[in-house]
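Shown next: protein_22.tsv, containing TSV, C-alpha atoms.
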chain	number	residue	atom	x	y	z
A	23	MET	CA	63.79	85.77	172.28
A	24	THR	CA	64.75	84.09	175.53
A	25	THR	CA	62.77	80.94	176.23
A	26	LEU	CA	61.48	79.85	179.62
A	27	LEU	CA	63.93	76.91	179.66
A	28	GLU	CA	66.89	79.23	179.06
A	29	THR	CA	65.68	81.47	181.88
A	30	ARG	CA	65.48	78.46	184.17
A	31	TYR	CA	68.99	77.32	183.26
A	32	ARG	CA	70.39	80.78	183.89
A	33	ALA	CA	68.63	80.88	187.26
A	34	VAL	CA	70.34	77.62	188.28
A	35	LEU	CA	73.68	78.83	186.93
A	36	ARG	CA	73.52	81.78	189.32
A	37	LEU	CA	74.68	79.28	191.95
A	38	LEU	CA	78.12	79.58	190.33
A	39	PRO	CA	80.48	82.36	191.42
A	40	ALA	CA	80.54	85.46	189.25
A	41	TYR	CA	84.04	84.85	187.85
A	42	TYR	CA	83.00	81.42	186.57
A	43	ARG	CA	79.72	82.64	185.08
A	44	GLN	CA	81.49	85.43	183.21
A	45	ALA	CA	83.83	82.94	181.57
A	46	ARG	CA	81.53	79.99	180.95
A	47	GLU	CA	77.84	80.86	181.29
A	48	GLU	CA	77.04	81.41	177.61
A	49	GLU	CA	78.87	78.25	176.60
A	50	MET	CA	77.08	76.22	179.27
A	51	VAL	CA	73.64	77.55	178.32
A	52	GLU	CA	74.29	76.74	174.68
A	53	THR	CA	75.39	73.23	175.61
A	54	TYR	CA	72.36	72.62	177.81
A	55	LEU	CA	69.88	73.86	175.22
A	56	GLY	CA	71.65	71.95	172.45
A	57	ASP	CA	69.33	70.91	169.67
A	58	LEU	CA	66.13	71.12	171.70
A	59	ASP	CA	63.20	72.31	169.68
A	60	ARG	CA	62.47	75.93	170.55
A	61	ASP	CA	58.72	75.27	170.66
A	62	THR	CA	59.13	72.66	173.43
A	63	GLN	CA	61.57	74.58	175.59
A	64	ASP	CA	58.83	76.39	177.49
A	65	GLN	CA	57.54	73.01	178.71
A	66	SER	CA	60.93	71.79	179.91
A	67	ARG	CA	63.16	72.48	182.91
A	68	PRO	CA	66.67	71.49	184.01
A	69	THR	CA	66.88	67.87	185.07
A	70	LEU	CA	67.74	66.83	188.60
A	71	GLY	CA	71.08	65.48	187.38
A	72	GLU	CA	71.96	68.74	185.65
A	73	THR	CA	71.05	70.75	188.75
A	74	ALA	CA	73.13	68.44	190.96
A	75	SER	CA	76.14	68.79	188.64
A	76	ILE	CA	75.85	72.59	188.75
A	77	VAL	CA	75.66	72.51	192.57
A	78	ALA	CA	78.81	70.35	192.67
A	79	LEU	CA	80.53	72.71	190.24
A	80	ALA	CA	79.53	75.68	192.40
A	81	VAL	CA	81.25	74.04	195.38
A	82	ARG	CA	84.39	73.17	193.41
A	83	SER	CA	84.70	76.62	191.88
A	84	ARG	CA	84.38	78.28	195.30
A	85	LEU	CA	86.93	75.92	196.88
A	86	ALA	CA	89.32	76.33	193.98
A	87	VAL	CA	93.08	75.98	193.77
A	88	ALA	CA	94.72	78.45	191.38
A	89	GLY	CA	93.90	80.78	188.53
A	90	VAL	CA	90.86	82.15	190.35
A	91	PRO	CA	90.13	85.26	192.43
A	92	ARG	CA	92.19	85.29	195.61
A	93	ARG	CA	89.31	84.85	198.04
A	94	TYR	CA	88.23	81.58	196.41
A	95	ALA	CA	91.76	80.18	196.37
A	96	LEU	CA	92.13	81.11	200.04
A	97	LEU	CA	88.74	79.60	200.89
A	98	GLY	CA	89.67	76.35	199.19
A	99	SER	CA	93.05	76.15	200.93
A	100	THR	CA	91.46	76.91	204.30
A	101	ALA	CA	88.80	74.24	203.86
A	102	ARG	CA	91.41	71.63	202.91
A	103	HIS	CA	93.59	72.49	205.91
A	104	PHE	CA	90.57	72.37	208.22
A	105	ALA	CA	89.44	68.99	206.90
A	106	LEU	CA	92.90	67.41	207.16
A	107	PHE	CA	93.58	68.68	210.69
A	108	ALA	CA	90.08	67.86	211.97
A	109	VAL	CA	90.11	64.32	210.57
A	110	LEU	CA	93.59	63.73	212.02
A	111	LEU	CA	92.43	64.83	215.49
A	112	GLN	CA	89.33	62.68	215.46
A	113	ALA	CA	91.20	59.68	214.05
A	114	THR	CA	93.82	59.66	216.79
A	115	ALA	CA	91.31	60.42	219.57
A	116	ALA	CA	88.97	57.60	218.48
A	117	LEU	CA	91.75	55.05	218.08
A	118	VAL	CA	93.44	55.89	221.39
A	119	ASP	CA	90.13	55.85	223.28
A	120	ARG	CA	89.26	52.39	222.01
A	121	VAL	CA	92.72	50.90	222.44
A	122	LEU	CA	92.96	52.15	226.03
A	123	GLY	CA	89.38	51.12	226.83
A	124	LEU	CA	89.87	47.63	225.44
A	125	THR	CA	93.21	47.29	227.23
A	126	TRP	CA	91.67	48.32	230.55
A	127	ALA	CA	88.71	45.94	230.17
A	128	SER	CA	90.89	42.97	229.24
A	129	THR	CA	93.55	43.44	231.93
A	130	HIS	CA	91.53	44.33	235.06
A	131	GLY	CA	89.69	41.13	235.74
A	132	PRO	CA	86.47	39.43	234.64
A	133	GLY	CA	84.30	42.13	236.21
A	134	GLN	CA	85.66	44.85	233.96
A	135	TRP	CA	85.40	42.62	230.90
A	136	ASP	CA	81.80	41.72	231.71
A	137	LEU	CA	81.02	45.41	232.12
A	138	PHE	CA	82.56	46.13	228.72
A	139	VAL	CA	80.65	43.33	227.00
A	140	SER	CA	77.36	44.22	228.70
A	141	ALA	CA	77.28	47.53	226.84
A	142	PHE	CA	76.72	45.53	223.64
A	143	THR	CA	74.63	42.63	224.95
A	144	GLY	CA	72.66	43.75	227.97
A	145	GLN	CA	70.27	46.36	226.55
A	146	GLY	CA	68.37	44.61	223.79
A	147	PRO	CA	69.19	43.98	220.13
A	148	LEU	CA	68.63	47.55	218.85
A	149	ILE	CA	70.80	49.20	221.50
A	150	GLY	CA	73.38	46.43	221.09
A	151	VAL	CA	73.68	47.13	217.36
A	152	VAL	CA	73.86	50.87	218.00
A	153	GLU	CA	76.54	50.44	220.67
A	154	ALA	CA	78.56	48.20	218.37
A	155	ALA	CA	78.31	50.77	215.57
A	156	THR	CA	79.14	53.61	217.95
A	157	TRP	CA	82.25	51.75	219.09
A	158	THR	CA	83.49	50.62	215.67
A	159	LEU	CA	82.49	53.29	213.14
A	160	PRO	CA	84.63	56.11	214.63
A	161	LEU	CA	87.67	53.96	213.84
A	162	LEU	CA	86.95	54.86	210.22
A	163	TRP	CA	88.31	58.35	210.91
A	164	THR	CA	91.70	56.64	210.79
A	165	VAL	CA	90.84	54.98	207.48
A	166	GLY	CA	89.67	58.34	206.15
A	167	TYR	CA	92.87	60.08	207.23
A	168	PHE	CA	95.25	57.59	205.62
A	169	ALA	CA	93.08	57.30	202.51
A	170	LEU	CA	93.15	61.08	202.17
A	171	VAL	CA	96.91	61.51	202.53
A	172	HIS	CA	97.42	58.70	200.01
A	173	ASP	CA	94.99	60.38	197.58
A	174	ARG	CA	92.27	57.71	197.78
A	175	ARG	CA	89.55	60.33	197.85
A	176	ARG	CA	86.48	58.17	197.32
A	177	LEU	CA	87.53	55.87	200.13
A	178	ALA	CA	88.30	58.88	202.34
A	179	ARG	CA	84.85	60.41	201.72
A	180	ALA	CA	83.00	57.17	202.42
A	181	ALA	CA	85.04	56.48	205.56
A	182	VAL	CA	84.54	59.88	207.20
A	183	LEU	CA	80.82	59.99	206.43
A	184	LEU	CA	80.39	56.61	208.11
A	185	ALA	CA	82.64	57.66	210.98
A	186	ALA	CA	80.46	60.72	211.66
A	187	LEU	CA	77.20	58.73	211.78
A	188	PRO	CA	77.36	57.80	215.50
A	189	THR	CA	77.26	61.49	216.45
A	190	LEU	CA	73.65	61.57	215.24
A	191	TRP	CA	72.41	58.82	217.57
A	192	PRO	CA	72.19	60.98	220.71
A	193	LEU	CA	69.91	63.30	218.72
A	194	VAL	CA	67.67	60.72	217.04
A	195	GLY	CA	67.89	57.85	219.53
A	196	PRO	CA	65.29	59.21	221.99
A	197	LEU	CA	62.87	59.56	219.06
A	198	VAL	CA	63.29	55.90	218.14
A	199	THR	CA	63.48	54.07	221.47
A	200	ASP	CA	62.91	54.75	225.15
A	201	SER	CA	66.11	52.85	225.95
A	202	ALA	CA	68.34	55.55	224.49
A	203	VAL	CA	69.94	57.93	226.95
A	204	LEU	CA	70.03	61.54	225.82
A	205	PRO	CA	73.20	63.38	226.85
A	206	GLU	CA	73.16	67.09	227.57
A	207	PRO	CA	71.53	68.52	224.42
A	208	TRP	CA	74.06	71.24	223.65
A	209	PHE	CA	76.95	68.82	223.97
A	210	ALA	CA	75.23	66.36	221.64
A	211	ILE	CA	74.63	69.12	219.10
A	212	VAL	CA	78.16	70.54	219.08
A	213	THR	CA	79.69	67.04	218.98
A	214	ALA	CA	77.61	66.23	215.92
A	215	LEU	CA	78.56	69.59	214.43
A	216	PHE	CA	82.27	68.86	214.95
A	217	GLY	CA	82.01	65.45	213.30
A	218	TRP	CA	79.88	66.50	210.35
A	219	LEU	CA	81.72	69.74	209.61
A	220	SER	CA	84.93	67.69	209.45
A	221	ALA	CA	83.40	65.08	207.14
A	222	LEU	CA	81.63	67.53	204.85
A	223	ALA	CA	84.69	69.77	204.63
A	224	LEU	CA	86.72	66.80	203.42
A	225	CYS	CA	84.06	65.80	200.88
A	226	ALA	CA	83.71	69.34	199.52
A	227	ALA	CA	87.29	70.63	199.64
A	228	TYR	CA	89.10	67.57	198.24
A	229	HIS	CA	87.28	67.58	194.93
A	230	ARG	CA	88.76	66.22	191.72
A	231	ASP	CA	90.68	69.43	190.96
A	232	ALA	CA	92.16	69.78	194.46
A	233	PRO	CA	95.80	68.96	195.18
A	234	THR	CA	96.81	65.92	197.20
A	235	ALA	CA	96.56	66.41	200.96
A	236	ALA	CA	99.92	67.25	202.49
A	237	LEU	CA	100.97	67.87	206.09
A	238	PRO	CA	103.21	70.83	206.95
A	239	VAL	CA	105.99	68.52	208.16
A	240	GLY	CA	106.73	64.82	208.58
A	241	SER	CA	105.27	61.70	207.04
A	242	PRO	CA	101.54	60.95	207.55
A	243	GLY	CA	102.29	57.86	209.64
A	244	LEU	CA	104.80	59.60	211.87
A	245	VAL	CA	102.48	62.57	212.47
A	246	PHE	CA	99.60	60.22	213.27
A	247	ALA	CA	101.75	58.26	215.70
A	248	GLY	CA	102.89	61.47	217.37
A	249	PHE	CA	99.34	62.68	217.89
A	250	ALA	CA	98.32	59.25	219.19
A	251	VAL	CA	101.15	59.30	221.73
A	252	VAL	CA	100.21	62.81	222.89
A	253	THR	CA	96.49	62.06	223.30
A	254	GLY	CA	97.16	58.66	224.87
A	255	ALA	CA	99.67	60.07	227.33
A	256	SER	CA	97.25	62.82	228.35
A	257	ILE	CA	94.69	60.17	229.29
A	258	VAL	CA	97.11	57.79	231.03
A	259	LEU	CA	98.95	60.45	233.01
A	260	LEU	CA	95.75	62.20	234.18
A	261	PRO	CA	93.17	59.40	234.38
A	262	GLY	CA	90.82	61.55	236.47
A	263	ALA	CA	90.67	64.36	233.90
A	264	PRO	CA	89.56	62.90	230.56
A	265	ASP	CA	86.11	63.17	229.07
A	266	THR	CA	85.17	62.94	225.39
A	267	ALA	CA	86.51	66.45	224.71
A	268	TRP	CA	89.82	65.93	226.50
A	269	ALA	CA	91.83	63.99	223.90
A	270	PRO	CA	91.00	66.04	220.76
A	271	ALA	CA	91.50	69.29	222.68
A	272	THR	CA	94.89	68.11	223.95
A	273	GLY	CA	95.94	66.99	220.49
A	274	PHE	CA	94.90	70.30	219.01
A	275	LEU	CA	96.77	72.34	221.61
A	276	VAL	CA	100.02	70.45	221.06
A	277	GLY	CA	99.63	70.34	217.29
A	278	ALA	CA	98.74	74.02	216.89
A	279	VAL	CA	101.62	75.14	219.09
A	280	GLY	CA	103.93	72.91	217.06
A	281	TRP	CA	102.61	74.47	213.85
A	282	LEU	CA	103.27	77.96	215.21
A	283	VAL	CA	106.84	76.96	216.10
A	284	LEU	CA	107.43	75.53	212.63
A	285	ARG	CA	106.00	78.66	211.09
A	286	SER	CA	108.24	80.92	213.16
A	287	ARG	CA	111.26	78.96	211.89
A	288	GLY	CA	110.07	79.06	208.29
A	289	ALA	CA	109.62	75.29	208.14
A	290	ASP	CA	105.96	75.43	207.08
A	291	ARG	CA	105.96	76.39	203.40
A	292	GLY	CA	102.51	75.06	202.60
A	293	PRO	CA	99.80	77.09	200.85
A	294	ALA	CA	97.95	79.89	202.61
A	295	GLY	CA	95.00	79.07	204.83
A	296	GLY	CA	96.64	77.10	207.63
A	297	ALA	CA	96.24	79.79	210.29
A	298	VAL	CA	92.62	80.49	209.36
A	299	ALA	CA	91.80	76.77	209.39
A	300	LEU	CA	93.47	76.20	212.76
A	301	ALA	CA	91.74	79.23	214.26
A	302	ALA	CA	88.35	77.93	213.05
A	303	LEU	CA	89.10	74.41	214.28
A	304	GLY	CA	90.28	75.74	217.64
A	305	LEU	CA	87.13	77.81	218.06
A	306	LEU	CA	84.99	74.77	217.29
A	307	LEU	CA	86.93	72.66	219.82
A	308	LEU	CA	86.55	75.43	222.39
A	309	VAL	CA	82.78	75.25	221.96
A	310	VAL	CA	82.91	71.45	222.37
A	311	ARG	CA	85.09	71.82	225.48
A	312	VAL	CA	82.72	74.34	227.10
A	313	ALA	CA	79.64	72.28	226.18
A	314	ALA	CA	81.19	69.20	227.82
A	315	LEU	CA	82.07	71.10	230.98
A	316	TYR	CA	79.00	73.30	231.43
A	317	PRO	CA	76.52	70.66	232.79
A	318	TRP	CA	78.96	69.78	235.59
A	319	LEU	CA	79.75	73.25	236.87
A	320	GLY	CA	77.31	73.01	239.79
A	321	VAL	CA	78.33	69.46	240.74
A	322	PRO	CA	81.19	68.55	243.10
A	323	LEU	CA	83.92	67.27	240.82
A	324	PRO	CA	87.44	65.91	241.27
A	325	ALA	CA	89.87	68.81	241.24
A	326	VAL	CA	91.91	67.21	238.46
A	327	TYR	CA	88.90	67.08	236.14
A	328	LEU	CA	87.70	70.59	236.84
A	329	GLY	CA	91.21	72.01	236.74
A	330	GLY	CA	92.07	70.18	233.54
A	331	ALA	CA	88.88	71.22	231.77
A	332	LEU	CA	89.17	74.86	232.84
A	333	GLY	CA	92.84	74.82	231.88
A	334	GLN	CA	91.92	73.58	228.42
A	335	VAL	CA	89.30	76.31	228.08
A	336	ALA	CA	91.88	78.97	228.96
A	337	ALA	CA	94.56	77.48	226.70
A	338	LEU	CA	92.17	77.08	223.76
A	339	THR	CA	90.93	80.64	224.15
A	340	LEU	CA	94.47	82.03	224.16
A	341	LEU	CA	95.59	79.86	221.27
A	342	VAL	CA	92.56	80.76	219.13
A	343	ALA	CA	93.30	84.45	219.75
A	344	VAL	CA	96.94	83.97	218.66
A	345	LEU	CA	95.93	81.98	215.58
A	346	GLY	CA	93.35	84.61	214.72
A	347	ALA	CA	96.01	87.31	214.87
A	348	VAL	CA	98.33	85.25	212.66
A	349	ALA	CA	95.49	84.58	210.21
A	350	ARG	CA	94.63	88.27	210.03
A	351	ARG	CA	98.25	89.16	209.31
A	352	ASP	CA	98.36	86.52	206.57
A	353	LEU	CA	95.22	87.90	204.96
A	354	VAL	CA	96.61	91.44	204.97
A	355	ARG	CA	99.96	90.38	203.53
A	356	ARG	CA	98.50	88.23	200.82
Before anything else, please render the file you have as structure tokens.
Amino acid sequence: MTTLLETRYRAVLRLLPAYYRQAREEEMVETYLGDLDRDTQDQSRPTLGETASIVALAVRSRLAVAGVPRRYALLGSTARHFALFAVLLQATAALVDRVLGLTWASTHGPGQWDLFVSAFTGQGPLIGVVEAATWTLPLLWTVGYFALVHDRRRLARAAVLLAALPTLWPLVGPLVTDSAVLPEPWFAIVTALFGWLSALALCAAYHRDAPTAALPVGSPGLVFAGFAVVTGASIVLLPGAPDTAWAPATGFLVGAVGWLVLRSRGADRGPAGGAVALAALGLLLLVVRVAALYPWLGVPLPAVYLGGALGQVAALTLLVAVLGAVARRDLVRR
């Protein structure tokens, strides 16, 4: 007769995909029940640690690599592509923004330097600490990227989770202090979504059974430098256009077009999922781009900013449509 504890274990094991349960469920139930006295099983339940391990296994088995149903292998490959590309974009955008900002402040006279320093010292200790964290923590996207491509997964997970933390401040800051300035709510929400989806995708997709992260072409350092040059040049050459969405959107546009060119020449021989991941990432960046632009539509703006932002919206829309078509063709073929 089935005991209450066995029923509870089987209920938790339903978190696992069907293919995994069919192969391992009976063995796992037998292991969990072990030598427990049958008379005490109705008073017991799975421990928190056991439940957490099953949840982690459910994630790993759905973001699998090989030897599994096709949809799970494709889902895993897509999630790993998405995480790698998204972390690369945010790493280069954060680094370039801070290097250019620091360069400007230190080379344009004492007034600019005082203005830069006042952001950390002129608003009280709490806001000063928050501003310092907001300025420094996003640099950990770069640490996360290089840790990931060199297969230092624990370091990569810790770095990207810390890097994503500042995106939460615009949402929680007004609840903590009156000194916090709340940006446009939808922009704050989608920015946090971009950061946390990137971080959580990395943590979930690059599990212990996942392959080492690999770029379609080039060395990790060279690709990073190329993206940094592209995003930095887009800011320097059009100083009236950039906002917080400008650099990652520019990097994505150039990178995705480059990926399509490589693909057309047969140079990208990586696993399936790249087109789906880029289409999803492009759609997310399109939402960020629109959310950044929307509050300013009724305000007189410099033509270069408005034209640049609208141009990015159009280019992202077109590119997402192309990537979606490529992804659909891949899914049909495979």
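If you look at CA of Leu27 (chain A) and CA of Arg67 (chain A), they are 5.5 Å away from each other.
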I'd like the neighbourhood of Pro233 (chain A) as a list in words, where a residue qualifies if any of its atoms comes within 9 Å (using all atoms listed in the file), though same-chain residues fewer than 4 positions away should be ignored.
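Here the answer would be Val87, Asp173, Tyr228 and His229 of chain A.
In this comparison, which uses only C-alpha atoms, the residue of A:Val348, A:Leu148, A:Ala250, A:Leu38 approaching Arg285 (chain A) most closely is A:Val348.
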A:Leu338, A:Ala45, A:Ala227, A:Ala221 ranked by distance to Ala302 (chain A), top pick (using only C-alpha atoms):
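With only C-alpha atoms as the atom set, the closest residue is A:Leu338.
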For Leu244 (chain A), the nearest of the candidates A:Leu110, A:Ala232, A:Arg287, A:Thr129, counting all atoms listed in the file:
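Closest to Leu244 (chain A) of all the choices is A:Leu110.
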Final N, CA, C and O atoms of region 204-229 of chain A as a PDB file, in the frame of the given file:
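See part.pdb below for the written result:
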ATOM      1  N   LEU A 204      69.676  60.286 226.456  1.00  0.00           N
ATOM      2  CA  LEU A 204      70.030  61.540 225.820  1.00  0.00           C
ATOM      3  C   LEU A 204      71.043  62.291 226.661  1.00  0.00           C
ATOM      4  O   LEU A 204      70.781  62.603 227.822  1.00  0.00           O
ATOM      5  N   PRO A 205      72.228  62.571 226.104  1.00  0.00           N
ATOM      6  CA  PRO A 205      73.200  63.380 226.850  1.00  0.00           C
ATOM      7  C   PRO A 205      72.732  64.828 226.888  1.00  0.00           C
ATOM      8  O   PRO A 205      71.680  65.172 226.342  1.00  0.00           O
ATOM      9  N   GLU A 206      73.515  65.668 227.521  1.00  0.00           N
ATOM     10  CA  GLU A 206      73.160  67.090 227.570  1.00  0.00           C
ATOM     11  C   GLU A 206      72.991  67.599 226.139  1.00  0.00           C
ATOM     12  O   GLU A 206      73.871  67.424 225.293  1.00  0.00           O
ATOM     13  N   PRO A 207      71.841  68.212 225.821  1.00  0.00           N
ATOM     14  CA  PRO A 207      71.530  68.520 224.420  1.00  0.00           C
ATOM     15  C   PRO A 207      72.579  69.348 223.694  1.00  0.00           C
ATOM     16  O   PRO A 207      72.933  69.043 222.552  1.00  0.00           O
ATOM     17  N   TRP A 208      73.096  70.394 224.338  1.00  0.00           N
ATOM     18  CA  TRP A 208      74.060  71.240 223.650  1.00  0.00           C
ATOM     19  C   TRP A 208      75.343  70.486 223.331  1.00  0.00           C
ATOM     20  O   TRP A 208      75.950  70.686 222.276  1.00  0.00           O
ATOM     21  N   PHE A 209      75.747  69.608 224.237  1.00  0.00           N
ATOM     22  CA  PHE A 209      76.950  68.820 223.970  1.00  0.00           C
ATOM     23  C   PHE A 209      76.721  67.875 222.800  1.00  0.00           C
ATOM     24  O   PHE A 209      77.599  67.701 221.940  1.00  0.00           O
ATOM     25  N   ALA A 210      75.546  67.250 222.758  1.00  0.00           N
ATOM     26  CA  ALA A 210      75.230  66.360 221.640  1.00  0.00           C
ATOM     27  C   ALA A 210      75.233  67.118 220.318  1.00  0.00           C
ATOM     28  O   ALA A 210      75.738  66.627 219.297  1.00  0.00           O
ATOM     29  N   ILE A 211      74.703  68.329 220.323  1.00  0.00           N
ATOM     30  CA  ILE A 211      74.630  69.120 219.100  1.00  0.00           C
ATOM     31  C   ILE A 211      76.011  69.530 218.619  1.00  0.00           C
ATOM     32  O   ILE A 211      76.356  69.375 217.439  1.00  0.00           O
ATOM     33  N   VAL A 212      76.842  70.057 219.523  1.00  0.00           N
ATOM     34  CA  VAL A 212      78.160  70.540 219.080  1.00  0.00           C
ATOM     35  C   VAL A 212      79.079  69.374 218.720  1.00  0.00           C
ATOM     36  O   VAL A 212      79.942  69.507 217.845  1.00  0.00           O
ATOM     37  N   THR A 213      78.897  68.215 219.363  1.00  0.00           N
ATOM     38  CA  THR A 213      79.690  67.040 218.980  1.00  0.00           C
ATOM     39  C   THR A 213      79.335  66.593 217.570  1.00  0.00           C
ATOM     40  O   THR A 213      80.212  66.277 216.758  1.00  0.00           O
ATOM     41  N   ALA A 214      78.033  66.568 217.274  1.00  0.00           N
ATOM     42  CA  ALA A 214      77.610  66.230 215.920  1.00  0.00           C
ATOM     43  C   ALA A 214      78.104  67.264 214.919  1.00  0.00           C
ATOM     44  O   ALA A 214      78.535  66.923 213.805  1.00  0.00           O
ATOM     45  N   LEU A 215      78.084  68.533 215.315  1.00  0.00           N
ATOM     46  CA  LEU A 215      78.560  69.590 214.430  1.00  0.00           C
ATOM     47  C   LEU A 215      80.046  69.409 214.125  1.00  0.00           C
ATOM     48  O   LEU A 215      80.474  69.550 212.971  1.00  0.00           O
ATOM     49  N   PHE A 216      80.833  69.092 215.136  1.00  0.00           N
ATOM     50  CA  PHE A 216      82.270  68.860 214.950  1.00  0.00           C
ATOM     51  C   PHE A 216      82.503  67.730 213.959  1.00  0.00           C
ATOM     52  O   PHE A 216      83.290  67.849 213.012  1.00  0.00           O
ATOM     53  N   GLY A 217      81.814  66.604 214.179  1.00  0.00           N
ATOM     54  CA  GLY A 217      82.010  65.450 213.300  1.00  0.00           C
ATOM     55  C   GLY A 217      81.580  65.724 211.871  1.00  0.00           C
ATOM     56  O   GLY A 217      82.315  65.428 210.913  1.00  0.00           O
ATOM     57  N   TRP A 218      80.412  66.320 211.701  1.00  0.00           N
ATOM     58  CA  TRP A 218      79.880  66.500 210.350  1.00  0.00           C
ATOM     59  C   TRP A 218      80.554  67.637 209.598  1.00  0.00           C
ATOM     60  O   TRP A 218      80.712  67.565 208.376  1.00  0.00           O
ATOM     61  N   LEU A 219      80.954  68.688 210.292  1.00  0.00           N
ATOM     62  CA  LEU A 219      81.720  69.740 209.610  1.00  0.00           C
ATOM     63  C   LEU A 219      83.044  69.179 209.092  1.00  0.00           C
ATOM     64  O   LEU A 219      83.490  69.521 207.993  1.00  0.00           O
ATOM     65  N   SER A 220      83.673  68.313 209.882  1.00  0.00           N
ATOM     66  CA  SER A 220      84.930  67.690 209.450  1.00  0.00           C
ATOM     67  C   SER A 220      84.708  66.831 208.211  1.00  0.00           C
ATOM     68  O   SER A 220      85.463  66.916 207.231  1.00  0.00           O
ATOM     69  N   ALA A 221      83.670  65.994 208.258  1.00  0.00           N
ATOM     70  CA  ALA A 221      83.400  65.080 207.140  1.00  0.00           C
ATOM     71  C   ALA A 221      82.997  65.843 205.887  1.00  0.00           C
ATOM     72  O   ALA A 221      83.492  65.559 204.779  1.00  0.00           O
ATOM     73  N   LEU A 222      82.103  66.803 206.027  1.00  0.00           N
ATOM     74  CA  LEU A 222      81.630  67.530 204.850  1.00  0.00           C
ATOM     75  C   LEU A 222      82.717  68.429 204.273  1.00  0.00           C
ATOM     76  O   LEU A 222      82.782  68.629 203.053  1.00  0.00           O
ATOM     77  N   ALA A 223      83.579  68.978 205.140  1.00  0.00           N
ATOM     78  CA  ALA A 223      84.690  69.770 204.630  1.00  0.00           C
ATOM     79  C   ALA A 223      85.617  68.918 203.773  1.00  0.00           C
ATOM     80  O   ALA A 223      86.093  69.353 202.720  1.00  0.00           O
ATOM     81  N   LEU A 224      85.883  67.696 204.224  1.00  0.00           N
ATOM     82  CA  LEU A 224      86.720  66.800 203.420  1.00  0.00           C
ATOM     83  C   LEU A 224      86.051  66.495 202.077  1.00  0.00           C
ATOM     84  O   LEU A 224      86.693  66.565 201.028  1.00  0.00           O
ATOM     85  N   CYS A 225      84.773  66.164 202.112  1.00  0.00           N
ATOM     86  CA  CYS A 225      84.060  65.800 200.880  1.00  0.00           C
ATOM     87  C   CYS A 225      84.022  66.960 199.896  1.00  0.00           C
ATOM     88  O   CYS A 225      84.148  66.769 198.686  1.00  0.00           O
ATOM     89  N   ALA A 226      83.839  68.186 200.404  1.00  0.00           N
ATOM     90  CA  ALA A 226      83.710  69.340 199.520  1.00  0.00           C
ATOM     91  C   ALA A 226      85.058  69.867 199.051  1.00  0.00           C
ATOM     92  O   ALA A 226      85.233  70.209 197.871  1.00  0.00           O
ATOM     93  N   ALA A 227      86.031  69.948 199.962  1.00  0.00           N
ATOM     94  CA  ALA A 227      87.290  70.630 199.640  1.00  0.00           C
ATOM     95  C   ALA A 227      88.230  69.763 198.805  1.00  0.00           C
ATOM     96  O   ALA A 227      88.976  70.294 197.962  1.00  0.00           O
ATOM     97  N   TYR A 228      88.212  68.448 199.006  1.00  0.00           N
ATOM     98  CA  TYR A 228      89.100  67.570 198.240  1.00  0.00           C
ATOM     99  C   TYR A 228      88.347  67.023 197.036  1.00  0.00           C
ATOM    100  O   TYR A 228      88.135  65.820 196.892  1.00  0.00           O
ATOM    101  N   HIS A 229      87.951  67.943 196.167  1.00  0.00           N
ATOM    102  CA  HIS A 229      87.280  67.580 194.930  1.00  0.00           C
ATOM    103  C   HIS A 229      88.318  67.130 193.909  1.00  0.00           C
ATOM    104  O   HIS A 229      89.520  67.095 194.190  1.00  0.00           O
TER     105      HIS A 229
END
